[in-house]
>>> print(open('input17.cif').read())   # mmCIF, C-alpha atoms
data_target
loop_
_atom_site.label_atom_id
_atom_site.label_comp_id
_atom_site.auth_asym_id
_atom_site.auth_seq_id
_atom_site.Cartn_x
_atom_site.Cartn_y
_atom_site.Cartn_z
CA ASP A 7 -24.96 -172.55 58.64
CA THR A 8 -22.63 -169.59 58.75
CA LEU A 9 -21.10 -168.43 55.46
CA PRO A 10 -17.50 -169.75 55.52
CA SER A 11 -14.69 -167.25 55.68
CA CYS A 12 -12.81 -166.39 52.50
CA GLU A 13 -9.46 -168.16 52.78
CA VAL A 14 -8.14 -167.72 49.22
CA LYS A 15 -7.03 -164.25 48.17
CA HIS A 16 -5.11 -163.26 45.05
CA ASP A 17 -1.96 -161.22 45.34
CA SER A 18 -2.78 -157.60 44.65
CA ILE A 19 -1.99 -156.53 41.12
CA LYS A 20 1.19 -154.45 41.10
CA LEU A 21 1.11 -151.19 39.19
CA GLU A 22 4.30 -149.31 38.40
CA SER A 23 4.57 -145.55 38.24
CA ILE A 24 3.21 -144.20 34.97
CA ASP A 25 6.37 -142.10 34.64
CA HIS A 26 8.33 -145.33 34.26
CA PHE A 27 6.99 -145.73 30.72
CA ILE A 28 6.81 -142.07 29.63
CA THR A 29 9.19 -140.81 26.93
CA GLN A 30 9.91 -137.18 27.76
CA ALA A 31 9.94 -134.44 25.14
CA ASN A 32 13.28 -134.02 23.38
CA ILE A 33 12.79 -130.30 22.68
CA ASN A 34 12.94 -128.55 26.02
CA ILE A 35 11.23 -125.37 24.89
CA ASP A 36 7.57 -124.52 25.40
CA PRO A 37 5.82 -125.60 22.18
CA GLY A 38 3.30 -122.81 22.71
CA ASN A 39 6.05 -120.23 22.12
CA MET A 40 6.40 -121.05 18.44
CA ASN A 41 7.69 -117.64 17.41
CA ASP A 42 10.83 -118.06 19.45
CA LYS A 43 13.82 -118.23 17.13
CA SER A 44 15.56 -120.62 19.48
CA LEU A 45 12.67 -123.05 19.10
CA ILE A 46 13.01 -123.08 15.30
CA GLU A 47 16.74 -123.67 15.66
CA ALA A 48 16.10 -126.50 18.15
CA ILE A 49 13.65 -128.19 15.77
CA GLN A 50 16.09 -127.80 12.86
CA ASN A 51 18.98 -129.19 14.85
CA LYS A 52 17.00 -132.23 16.02
CA ALA A 53 15.39 -132.91 12.62
CA ASN A 54 18.65 -132.55 10.68
CA GLY A 55 20.65 -134.58 13.15
CA GLY A 56 22.87 -131.66 14.10
CA SER A 57 24.38 -131.57 10.60
CA LYS A 58 24.98 -128.35 8.64
CA ASN A 59 22.23 -126.97 6.45
CA PRO A 60 21.55 -129.33 3.53
CA ALA A 61 21.19 -126.41 1.06
CA LEU A 62 23.08 -123.24 0.11
CA LYS A 63 21.67 -120.09 1.65
CA LEU A 64 21.97 -117.04 -0.59
CA LYS A 65 23.62 -114.03 0.97
CA THR A 66 21.77 -110.72 0.88
CA LEU A 67 22.76 -107.27 -0.31
CA PHE A 68 20.64 -104.40 1.02
CA GLY A 69 18.12 -107.03 2.14
CA ILE A 70 17.84 -108.63 -1.29
CA PRO A 71 19.23 -112.17 -1.78
CA ILE A 72 22.17 -112.25 -4.22
CA GLY A 73 21.11 -114.49 -7.08
CA TRP A 74 17.42 -113.60 -6.76
CA PRO A 75 15.01 -114.79 -8.22
CA PHE A 76 16.82 -118.13 -8.11
CA GLY A 77 16.37 -120.48 -5.13
CA LYS A 78 13.49 -121.25 -2.78
CA GLN A 79 12.23 -118.66 -0.32
CA ILE A 80 11.38 -119.71 3.26
CA ASN A 81 9.65 -116.91 5.17
CA ALA A 82 9.89 -115.98 8.82
CA ASN A 83 7.98 -118.22 11.24
CA GLU A 84 7.86 -121.12 8.81
CA ILE A 85 10.05 -124.04 7.87
CA GLY A 86 10.69 -125.68 4.53
CA VAL A 87 10.60 -129.45 4.21
CA ILE A 88 12.88 -130.88 1.52
CA ARG A 89 13.68 -134.34 0.28
CA LEU A 90 17.26 -135.00 -0.75
CA ARG A 91 18.07 -137.29 -3.64
CA THR A 92 19.04 -139.89 -1.01
CA GLY A 93 15.42 -139.87 0.19
CA GLU A 94 16.29 -138.16 3.48
CA ILE A 95 13.90 -135.51 4.79
CA LYS A 96 15.46 -132.28 6.08
CA ILE A 97 14.13 -128.87 7.06
CA LEU A 98 15.23 -125.34 6.26
CA PRO A 99 14.66 -122.18 8.31
CA LYS A 100 14.05 -118.63 7.09
CA GLY A 101 16.07 -117.56 4.03
CA ARG A 102 16.47 -118.10 0.30
CA TRP A 103 18.03 -121.43 -0.53
CA ILE A 104 19.62 -123.14 -3.52
CA LEU A 105 18.73 -126.80 -3.18
CA PRO A 106 21.24 -129.57 -3.90
CA LEU A 107 20.95 -131.37 -7.22
CA GLY A 108 18.14 -133.92 -7.17
CA SER A 109 16.50 -132.36 -4.09
CA LYS A 110 12.91 -131.12 -3.91
CA LEU A 111 11.03 -128.67 -1.72
CA LEU A 112 8.02 -130.67 -0.53
CA LYS A 113 6.18 -128.02 1.44
CA LYS A 114 6.42 -124.91 3.52
CA VAL A 115 4.63 -125.06 6.87
CA SER A 116 4.00 -122.28 9.36
CA ILE A 117 5.25 -122.78 12.87
CA ASN A 118 1.74 -122.02 14.13
CA GLU A 119 0.35 -124.88 12.06
CA ILE A 120 2.98 -127.22 13.46
CA SER A 121 2.12 -126.09 17.00
CA ARG A 122 -1.51 -127.08 16.43
CA ASN A 123 -1.26 -130.24 14.34
CA GLY A 124 2.39 -131.22 14.20
CA LEU A 125 4.10 -132.36 11.03
CA GLN A 126 4.74 -135.79 9.56
CA GLU A 127 6.56 -136.15 6.26
CA GLY A 128 8.36 -139.37 5.45
CA ASN A 129 10.60 -140.25 8.35
CA LEU A 130 10.24 -136.76 9.88
CA LYS A 131 7.82 -136.37 12.77
CA ILE A 132 7.36 -133.13 14.71
CA LEU A 133 4.87 -133.96 17.43
CA PRO A 134 3.49 -131.38 19.87
CA ILE A 135 1.86 -133.26 22.77
CA LYS A 136 -0.54 -130.89 24.49
CA PRO A 137 -1.01 -130.52 28.26
CA GLY A 138 -3.36 -133.18 29.57
CA GLU A 139 -2.52 -135.62 26.78
CA TYR A 140 -0.23 -138.52 25.97
CA GLY A 141 1.07 -139.40 22.51
CA LEU A 142 1.01 -143.03 21.41
CA ALA A 143 3.92 -144.02 19.18
CA THR A 144 5.91 -147.08 18.17
CA GLY A 145 9.68 -147.18 18.43
CA PHE A 146 12.53 -149.53 17.55
CA ASN A 147 11.53 -153.20 17.16
CA GLY A 148 7.86 -152.30 17.65
CA LYS A 149 8.37 -150.99 21.17
CA ALA A 150 5.40 -149.08 22.54
CA MET A 151 6.20 -145.45 23.34
CA ILE A 152 4.09 -143.16 25.51
CA LEU A 153 5.05 -139.57 24.67
CA GLY A 154 4.83 -137.06 27.47
CA GLU A 155 3.72 -133.44 27.27
CA GLY A 156 5.92 -131.18 25.14
CA LEU A 157 7.55 -131.22 21.70
CA HIS A 158 8.97 -134.40 20.22
CA VAL A 159 11.03 -134.39 17.03
CA TYR A 160 12.16 -137.59 15.32
CA ASN A 161 13.66 -138.14 11.89
CA THR A 162 13.82 -141.90 11.62
CA ALA A 163 11.80 -144.75 10.19
CA ARG A 164 12.06 -146.47 13.56
CA VAL A 165 9.46 -144.17 15.13
CA SER A 166 5.85 -143.98 13.97
CA PHE A 167 3.15 -141.87 15.59
CA GLU A 168 -0.42 -143.10 16.05
CA LYS A 169 -2.47 -140.57 17.99
CA SER A 170 -2.85 -138.40 21.07
CA VAL A 171 -5.19 -139.39 23.90
CA SER A 172 -6.46 -137.70 27.06
CA LYS A 173 -4.53 -138.49 30.23
CA ASN A 174 -7.79 -138.62 32.17
CA GLN A 175 -9.06 -141.84 30.62
CA GLU A 176 -9.50 -144.63 33.13
CA HIS A 177 -7.65 -147.04 30.88
CA ILE A 178 -5.19 -146.32 28.08
CA GLN A 179 -3.88 -149.31 26.18
CA HIS A 180 -1.00 -149.11 23.76
CA LYS A 181 0.18 -152.52 22.63
CA THR A 182 1.10 -154.33 25.88
CA LEU A 183 1.30 -151.15 27.94
CA HIS A 184 -1.67 -150.24 30.11
CA LEU A 185 -2.07 -146.98 32.02
CA MET A 186 -4.72 -146.97 34.74
CA ARG A 187 -6.24 -143.92 36.40
CA ILE A 188 -9.25 -144.90 38.54
CA PRO A 189 -11.47 -141.98 39.61
CA LYS A 190 -12.42 -141.30 43.19
CA GLY A 191 -15.45 -143.32 44.20
CA LYS A 192 -14.98 -146.09 41.62
CA VAL A 193 -13.41 -149.54 41.42
CA ALA A 194 -12.07 -151.01 38.18
CA LYS A 195 -12.66 -154.56 37.00
CA VAL A 196 -9.43 -155.90 35.47
CA GLN A 197 -7.86 -159.25 34.69
CA ASN A 198 -4.22 -160.28 34.47
CA ASP A 199 -2.55 -163.67 34.13
CA GLN A 200 -6.01 -165.32 34.25
CA GLN A 201 -6.73 -163.76 37.63
CA TYR A 202 -9.47 -161.26 38.38
CA HIS A 203 -8.82 -158.06 40.31
CA LEU A 204 -10.77 -155.08 41.59
CA LEU A 205 -8.56 -151.98 41.54
CA PRO A 206 -9.48 -149.54 44.33
CA PRO A 207 -10.55 -145.92 43.91
CA GLN A 208 -7.81 -143.45 42.88
CA ALA A 209 -5.43 -146.25 41.84
CA ILE A 210 -2.94 -144.73 39.40
CA GLY A 211 -0.20 -146.68 37.69
CA SER A 212 0.90 -148.75 34.73
CA ILE A 213 1.54 -152.36 33.86
CA LYS A 214 3.21 -154.05 30.92
CA SER A 215 1.43 -157.30 30.19
CA ASN A 216 0.01 -159.12 27.19
CA THR A 217 -2.67 -160.76 29.37
CA PHE A 218 -4.01 -157.62 31.05
CA SER A 219 -7.54 -156.47 30.23
CA PHE A 220 -9.88 -153.80 31.57
CA SER A 221 -13.62 -154.51 31.66
CA GLU A 222 -15.24 -151.48 33.25
CA SER A 223 -15.34 -149.32 36.35
CA THR A 224 -18.28 -149.12 38.70
CA SER A 225 -19.29 -147.01 41.68
CA ILE A 226 -17.86 -148.18 44.99
CA THR A 227 -21.28 -147.51 46.52
CA ASN A 228 -22.91 -150.30 44.49
CA SER A 229 -24.26 -152.89 46.89
CA ASN A 230 -23.06 -155.85 44.83
CA ILE A 231 -19.84 -155.64 42.80
CA ALA A 232 -18.87 -158.89 41.09
CA HIS A 233 -16.00 -159.63 38.71
CA GLY A 234 -15.07 -163.24 38.11
CA ASP A 235 -14.24 -164.61 41.54
CA GLN A 236 -13.95 -161.16 43.11
CA HIS A 237 -16.89 -159.82 45.11
CA ILE A 238 -17.59 -156.78 47.24
CA LEU A 239 -20.99 -157.07 48.89
CA ARG A 240 -22.54 -154.37 51.07
CA ILE A 241 -25.67 -155.58 52.83
CA PRO A 242 -27.70 -152.61 54.13
CA ALA A 243 -28.94 -152.52 57.70
CA GLY A 244 -32.32 -154.16 58.12
CA GLN A 245 -31.95 -156.41 55.06
CA TYR A 246 -30.87 -159.93 54.19
CA ALA A 247 -28.74 -161.02 51.24
CA LYS A 248 -29.51 -164.32 49.53
CA ILE A 249 -26.10 -165.87 48.87
CA THR A 250 -25.17 -169.10 47.10
CA HIS A 251 -21.69 -170.52 47.73
CA GLU A 252 -20.39 -174.02 46.98
CA GLN A 253 -23.97 -175.00 46.02
CA LYS A 254 -25.17 -174.08 49.51
CA ASN A 255 -27.64 -171.32 50.33
CA TYR A 256 -27.10 -168.67 52.99
CA LEU A 257 -29.11 -165.80 54.39
CA VAL A 258 -26.77 -163.06 55.66
CA ARG A 259 -28.14 -160.06 57.54
CA GLY A 260 -26.81 -156.51 57.25
CA PRO A 261 -25.25 -154.20 57.98
CA LYS A 262 -22.29 -156.20 56.70
CA LYS A 263 -19.49 -155.80 54.14
CA LEU A 264 -18.04 -158.91 52.50
CA ASP A 265 -14.85 -159.04 50.42
CA TYR A 266 -14.97 -162.49 48.88
CA THR A 267 -12.87 -164.52 46.46
CA ALA A 268 -14.82 -167.42 44.99
CA PHE A 269 -16.05 -168.32 41.51
CA ASN A 270 -19.15 -170.11 42.80
CA PHE A 271 -20.33 -167.16 44.90
CA LYS A 272 -23.37 -165.16 43.84
CA VAL A 273 -26.11 -162.99 45.24
CA ASP A 274 -29.59 -164.03 44.12
CA ASP A 275 -32.58 -161.68 43.78
CA GLY A 276 -30.88 -158.73 45.46
CA PHE A 277 -31.79 -157.97 49.08
CA VAL A 278 -34.96 -158.55 51.07
CA LEU A 279 -36.25 -156.59 54.07
CA ALA A 280 -35.45 -158.23 57.40
CA THR A 281 -38.99 -157.45 58.59
CA LYS A 282 -40.54 -159.82 56.06
CA GLU A 283 -42.37 -162.68 57.82
CA HIS A 284 -40.99 -165.41 55.58
CA ILE A 285 -37.62 -165.18 53.81
CA SER A 286 -36.57 -168.11 51.67
CA HIS A 287 -33.50 -168.97 49.63
CA GLY A 288 -33.36 -172.47 48.22
CA THR A 289 -33.76 -174.85 51.14
CA ARG A 290 -33.18 -172.11 53.70
CA HIS A 291 -36.11 -170.44 55.38
CA LEU A 292 -36.36 -167.74 57.99
CA VAL A 293 -39.75 -167.26 59.67
CA GLN A 294 -40.29 -164.19 61.82
CA VAL A 295 -43.60 -164.51 63.63
CA PRO A 296 -45.21 -161.28 64.87
CA LYS A 297 -46.53 -161.12 68.39
CA GLY A 298 -50.15 -162.24 68.66
CA GLN A 299 -49.85 -164.55 65.63
CA TYR A 300 -49.08 -168.16 64.83
CA ALA A 301 -47.07 -169.11 61.73
CA GLN A 302 -48.32 -172.21 59.93
CA VAL A 303 -45.44 -174.25 58.50
CA ARG A 304 -44.93 -177.79 57.23
CA VAL A 305 -41.69 -179.79 57.38
CA ASP A 306 -41.54 -183.39 56.13
CA GLN A 307 -45.36 -183.32 55.92
CA ASN A 308 -45.60 -182.48 59.63
CA HIS A 309 -47.66 -179.40 60.57
CA HIS A 310 -46.35 -176.87 63.07
CA LEU A 311 -47.85 -173.77 64.65
CA LEU A 312 -44.97 -171.45 65.57
CA GLU A 313 -45.41 -169.10 68.54
CA GLY A 314 -45.43 -165.36 67.92
CA GLY A 315 -42.67 -162.95 68.91
CA LYS A 316 -39.89 -165.34 67.83
CA THR A 317 -37.65 -166.06 64.81
CA TYR A 318 -37.24 -169.56 63.44
CA SER A 319 -34.69 -170.93 60.98
CA PHE A 320 -35.12 -174.03 58.79
CA ASN A 321 -32.94 -175.79 56.24
CA SER A 322 -35.17 -178.32 54.54
CA PRO A 323 -36.20 -179.11 50.95
CA THR A 324 -39.71 -180.09 52.20
CA PHE A 325 -40.44 -176.83 54.04
CA GLN A 326 -43.68 -175.01 53.22
CA TYR A 327 -45.00 -171.78 54.67
CA ASP A 328 -48.78 -171.46 54.86
CA GLY A 329 -49.15 -168.00 56.35
CA LEU A 330 -50.20 -166.49 59.68
CA VAL A 331 -53.24 -166.90 61.86
CA SER A 332 -54.29 -164.77 64.85
CA GLN A 333 -53.66 -166.34 68.25
CA THR A 334 -57.03 -164.94 69.40
CA LYS A 335 -59.05 -166.87 66.80
CA GLU A 336 -61.51 -169.06 68.72
CA HIS A 337 -60.81 -172.25 66.79
CA ILE A 338 -57.59 -172.89 64.85
CA ILE A 339 -57.21 -176.09 62.85
CA TYR A 340 -53.92 -176.81 61.09
CA GLY A 341 -53.17 -180.35 59.99
CA SER A 342 -53.44 -182.59 63.03
CA GLN A 343 -53.22 -179.65 65.43
CA GLN A 344 -56.06 -177.70 67.00
CA ILE A 345 -56.16 -174.73 69.33
CA PHE A 346 -59.36 -173.70 71.11
CA ASN A 347 -59.48 -170.17 72.52
CA VAL A 348 -62.61 -170.32 74.67
CA PRO A 349 -63.88 -166.86 75.63
CA ALA A 350 -65.00 -165.96 79.15
CA ASN A 351 -68.61 -166.96 79.96
CA LYS A 352 -68.55 -169.66 77.24
CA VAL A 353 -67.76 -173.34 76.93
CA VAL A 354 -66.84 -175.46 73.92
CA ILE A 355 -68.54 -178.81 73.51
CA ALA A 356 -66.41 -181.39 71.63
CA LEU A 357 -66.37 -185.15 71.05
CA ASP A 358 -63.30 -187.30 71.74
CA ASN A 359 -63.21 -189.51 68.65
CA ASN A 360 -60.98 -192.06 70.39
CA THR A 361 -63.23 -192.69 73.45
CA GLY A 362 -66.59 -191.36 72.30
CA ASP A 363 -66.72 -189.11 75.37
CA VAL A 364 -68.20 -185.61 75.31
CA VAL A 365 -65.59 -183.07 76.35
CA LYS A 366 -66.42 -179.68 77.81
CA LEU A 367 -63.68 -177.03 77.37
CA LYS A 368 -63.78 -174.17 79.86
CA PRO A 369 -62.67 -170.55 79.11
CA GLY A 370 -58.96 -170.42 78.24
CA ASN A 371 -56.45 -171.80 75.72
CA HIS A 372 -56.61 -175.50 74.86
CA LYS A 373 -54.36 -177.46 72.48
CA ALA A 374 -55.48 -180.76 71.05
CA ASP A 375 -54.87 -183.15 68.17
CA ASN A 376 -57.38 -184.01 65.46
CA SER A 377 -59.07 -186.70 67.58
CA LEU A 378 -61.12 -183.95 69.25
CA ILE A 379 -64.15 -183.02 67.16
CA TYR A 380 -65.73 -179.63 67.72
CA ARG A 381 -69.50 -179.61 68.15
CA CYS A 382 -70.59 -176.19 69.41
CA THR A 383 -69.94 -173.20 71.67
CA LEU A 384 -72.44 -172.44 74.46
CA PRO A 385 -72.78 -169.72 77.06
CA THR A 386 -71.88 -170.90 80.56
CA THR A 387 -75.46 -170.16 81.72
CA GLN A 388 -76.76 -173.18 79.75
#
>>> encode(input="input17.cif", output="structure tokens")
Amino acid sequence: DTLPSCEVKHDSIKLESIDHFITQANINIDPGNMNDKSLIEAIQNKANGGSKNPALKLKTLFGIPIGWPFGKQINANEIGVIRLRTGEIKILPKGRWILPLGSKLLKKVSINEISRNGLQEGNLKILPIKPGEYGLATGFNGKAMILGEGLHVYNTARVSFEKSVSKNQEHIQHKTLHLMRIPKGKVAKVQNDQQYHLLPPQAIGSIKSNTFSFSESTSITNSNIAHGDQHILRIPAGQYAKITHEQKNYLVRGPKKLDYTAFNFKVDDGFVLATKEHISHGTRHLVQVPKGQYAQVRVDQNHHLLEGGKTYSFNSPTFQYDGLVSQTKEHIIYGSQQIFNVPANKVVIALDNNTGDVVKLKPGNHKADNSLIYRCTLPTTQ
């Protein structure tokens, strides 16, 4: 029987653009240029919510702060992190500052340190996302946030930062968000809404789903790719695949590519060379008899000698293959069948068991049943 065509196909999984879920940086200045005064001002403005400085900056006279040594000194290229008595976190730029009553200077951090590792203090998060990375964060009401490259500054309890990850990962999961980036030459095994899918090479996109899962990716050149009910089978030229589908066995010859959707579809024992004399798979048998040979097979306890130079197909649970025998062998006995190959200048003397007659077989090929009993071979001169 021919393998039935695949009639059931899932709808292709739909991936949205990754950019659809990316939160862009809210400081539009290169985070690598951390000595830029405008960058410090931008960070301060975003962190402090655009409000005026939360402390009193001492004026200077001849470069010396009036009121020195009182106040807290913040040096160039660093910021001061303070906590107000309300619990709010604010930052201060370069200068000498008198802090409000009940406030505390928590730390002073160099801009270079922030550029490398960022800063998180209370509700304040200064997050430099490096090129080639995404930042994973959580926003209002537990919403998943994917932070894009650049500098992100937040001063709210509603945003929490988890980690940075490489963009080049095949699968990035953050809560119910999934970013997929399948390399060239690979297919990805994924599942969504209880359906299996094989994402093609170079598929790039995102999906928001609480049922989506990624299993693995595998080379597109693999001869047998299976994932749930999804199958890609590449049968090489000169080989057969042993396939089971709907509890039936099939032998399918390559070269052939099958894209199949079926849970009860599998490839057993890999591939087998098409030149093999006997190929079997369950009840299916393929017998390829070389020229000059007979194949000895049994079906339903009946013996058969199959002619050489031909291919035979059987589908029987009683089939048995008993090997090959040369067609030039002088006397072949197989079950109830006999073949006498009498050479030139010789005769075969046999007895017919049914009649009791002596039978003389001349040079040539003679087929008989088991009622003919071989006695001897004599030269024709006798």
>>> residues_around(input="input17.cif", residues="Pro137 in chain A", least_positions_apart="3", cutoff="12 Å", atoms="all atoms listed in the file", output="MDAnalysis selection string")
chainID A and resid 36:38 134 140:141 153:157 170:174
>>> closest_residue(input="input17.cif", among="A:Thr92, A:Asn230, A:Ser215, A:Asn371", to="Lys262 in chain A", atoms="all atoms listed in the file")
A:Asn230
>>> residues_around(input="input17.cif", residues="Pro10 in chain A", least_positions_apart="6", cutoff="12 Å", atoms="all atoms listed in the file", output="list in words")
Ile249, Thr250, His251, Glu252, Lys254, Asn255, Tyr256, Val258, Leu264, Tyr266, Thr267, Ala268 and Phe271 of chain A
>>> write_last_selection(input="input17.cif", atoms="C-alpha atoms", output="PDB file, in the coordinates of the input")
ATOM      1  CA  ILE A 249     -26.100-165.870  48.870  1.00  0.00           C
ATOM      2  CA  THR A 250     -25.170-169.100  47.100  1.00  0.00           C
ATOM      3  CA  HIS A 251     -21.690-170.520  47.730  1.00  0.00           C
ATOM      4  CA  GLU A 252     -20.390-174.020  46.980  1.00  0.00           C
ATOM      5  CA  LYS A 254     -25.170-174.080  49.510  1.00  0.00           C
ATOM      6  CA  ASN A 255     -27.640-171.320  50.330  1.00  0.00           C
ATOM      7  CA  TYR A 256     -27.100-168.670  52.990  1.00  0.00           C
ATOM      8  CA  VAL A 258     -26.770-163.060  55.660  1.00  0.00           C
ATOM      9  CA  LEU A 264     -18.040-158.910  52.500  1.00  0.00           C
ATOM     10  CA  TYR A 266     -14.970-162.490  48.880  1.00  0.00           C
ATOM     11  CA  THR A 267     -12.870-164.520  46.460  1.00  0.00           C
ATOM     12  CA  ALA A 268     -14.820-167.420  44.990  1.00  0.00           C
ATOM     13  CA  PHE A 271     -20.330-167.160  44.900  1.00  0.00           C
TER      14      PHE A 271
END
>>> atom_distance(input="input17.cif", atom1="CA of Gln79 in chain A", atom2="CA of Asn34 in chain A")
28.1 Å
>>> residues_around(input="input17.cif", residues="range 96-112 of chain A", least_positions_apart="5", cutoff="6 Å", atoms="all atoms listed in the file", output="PyMOL selection string")
chain A and resi 54+61-64+77-82+85-91
>>> resolve_selection(input="input17.cif", expression="the PyMOL selection byres ((chain A and resi 276-292) around 6)", output="mmCIF file with C-alpha atoms, in the frame of the given file")
data_model
loop_
_atom_site.group_PDB
_atom_site.id
_atom_site.type_symbol
_atom_site.label_atom_id
_atom_site.label_comp_id
_atom_site.auth_asym_id
_atom_site.auth_seq_id
_atom_site.Cartn_x
_atom_site.Cartn_y
_atom_site.Cartn_z
ATOM 1 C CA GLY A 244 -32.320 -154.160 58.120
ATOM 2 C CA GLN A 245 -31.950 -156.410 55.060
ATOM 3 C CA TYR A 246 -30.870 -159.930 54.190
ATOM 4 C CA ALA A 247 -28.740 -161.020 51.240
ATOM 5 C CA ASP A 274 -29.590 -164.030 44.120
ATOM 6 C CA ASP A 275 -32.580 -161.680 43.780
ATOM 7 C CA VAL A 293 -39.750 -167.260 59.670
ATOM 8 C CA GLN A 294 -40.290 -164.190 61.820
ATOM 9 C CA TYR A 318 -37.240 -169.560 63.440
ATOM 10 C CA SER A 319 -34.690 -170.930 60.980
ATOM 11 C CA PHE A 320 -35.120 -174.030 58.790
ATOM 12 C CA ASN A 321 -32.940 -175.790 56.240
ATOM 13 C CA SER A 322 -35.170 -178.320 54.540
ATOM 14 C CA PRO A 323 -36.200 -179.110 50.950
#
>>> atom_distance(input="input17.cif", atom1="CA of Gly145 in chain A", atom2="CA of Arg122 in chain A")
23.1 Å
>>> atom_distance(input="input17.cif", atom1="CA of Gln307 in chain A", atom2="CA of Val331 in chain A")
19.2 Å
>>> residues_near_point(input="input17.cif", point="(5.8, -132.3, 14.2)", cutoff="10 Å", atoms="only C-alpha atoms", output="list of chain:residue names")
A:Ile49, A:Ala53, A:Ile117, A:Glu119, A:Ile120, A:Ser121, A:Arg122, A:Asn123, A:Gly124, A:Leu125, A:Gln126, A:Glu127, A:Leu130, A:Lys131, A:Ile132, A:Leu133, A:Pro134, A:Ile135, A:Leu157, A:His158, A:Val159, A:Tyr160
>>> resolve_selection(input="input17.cif", expression="the PyMOL selection byres ((chain A and resi 232-234) around 10)", output="list in words")
Ala194, Lys195, Val196, Gln197, Gln201, Tyr202, His203, Leu204, Ser221, Glu222, Ser229, Asn230, Ile231, Asp235, Gln236, His237, Ile238, Leu239, Tyr266, Thr267, Ala268, Phe269, Asn270, Phe271, Lys272 and Val273 of chain A
>>> resolve_selection(input="input17.cif", expression="the PyMOL selection byres ((chain A and resi 143) around 8)", output="ChimeraX atom specification")
/A:141-142,144-145,150-153,165-169
>>> write_last_selection(input="input17.cif", atoms="C-alpha atoms", output="short mmCIF file (atom, residue, chain, number, x, y, z; two decimals), in the coordinates of the input")
data_model
loop_
_atom_site.label_atom_id
_atom_site.label_comp_id
_atom_site.auth_asym_id
_atom_site.auth_seq_id
_atom_site.Cartn_x
_atom_site.Cartn_y
_atom_site.Cartn_z
CA GLY A 141 1.07 -139.40 22.51
CA LEU A 142 1.01 -143.03 21.41
CA THR A 144 5.91 -147.08 18.17
CA GLY A 145 9.68 -147.18 18.43
CA ALA A 150 5.40 -149.08 22.54
CA MET A 151 6.20 -145.45 23.34
CA ILE A 152 4.09 -143.16 25.51
CA LEU A 153 5.05 -139.57 24.67
CA VAL A 165 9.46 -144.17 15.13
CA SER A 166 5.85 -143.98 13.97
CA PHE A 167 3.15 -141.87 15.59
CA GLU A 168 -0.42 -143.10 16.05
CA LYS A 169 -2.47 -140.57 17.99
#
>>> residues_around(input="input17.cif", residues="Lys20 in chain A", least_positions_apart="5", cutoff="9 Å", atoms="only C-alpha atoms", output="list in words")
Gly211, Ser212 and Ile213 of chain A
>>> residues_around(input="input17.cif", residues="Asn359 in chain A", least_positions_apart="5", cutoff="7 Å", atoms="all atoms listed in the file", output="number ranges by chain")
A: 377-379
>>> residues_near_point(input="input17.cif", point="(-26.6, -156.3, 54.9)", cutoff="6 Å", atoms="only C-alpha atoms", output="PyMOL selection string")
chain A and resi 240-243+245-246+259-262
>>> closest_residue(input="input17.cif", among="A:Asp328, A:Asp363, A:Asp306, A:Asp375", to="Ile345 in chain A", atoms="only C-alpha atoms")
A:Asp375
>>> closest_residue(input="input17.cif", among="A:Thr8, A:Asn59, A:Thr317, A:Asn308", to="Leu257 in chain A", atoms="all atoms listed in the file")
A:Thr8
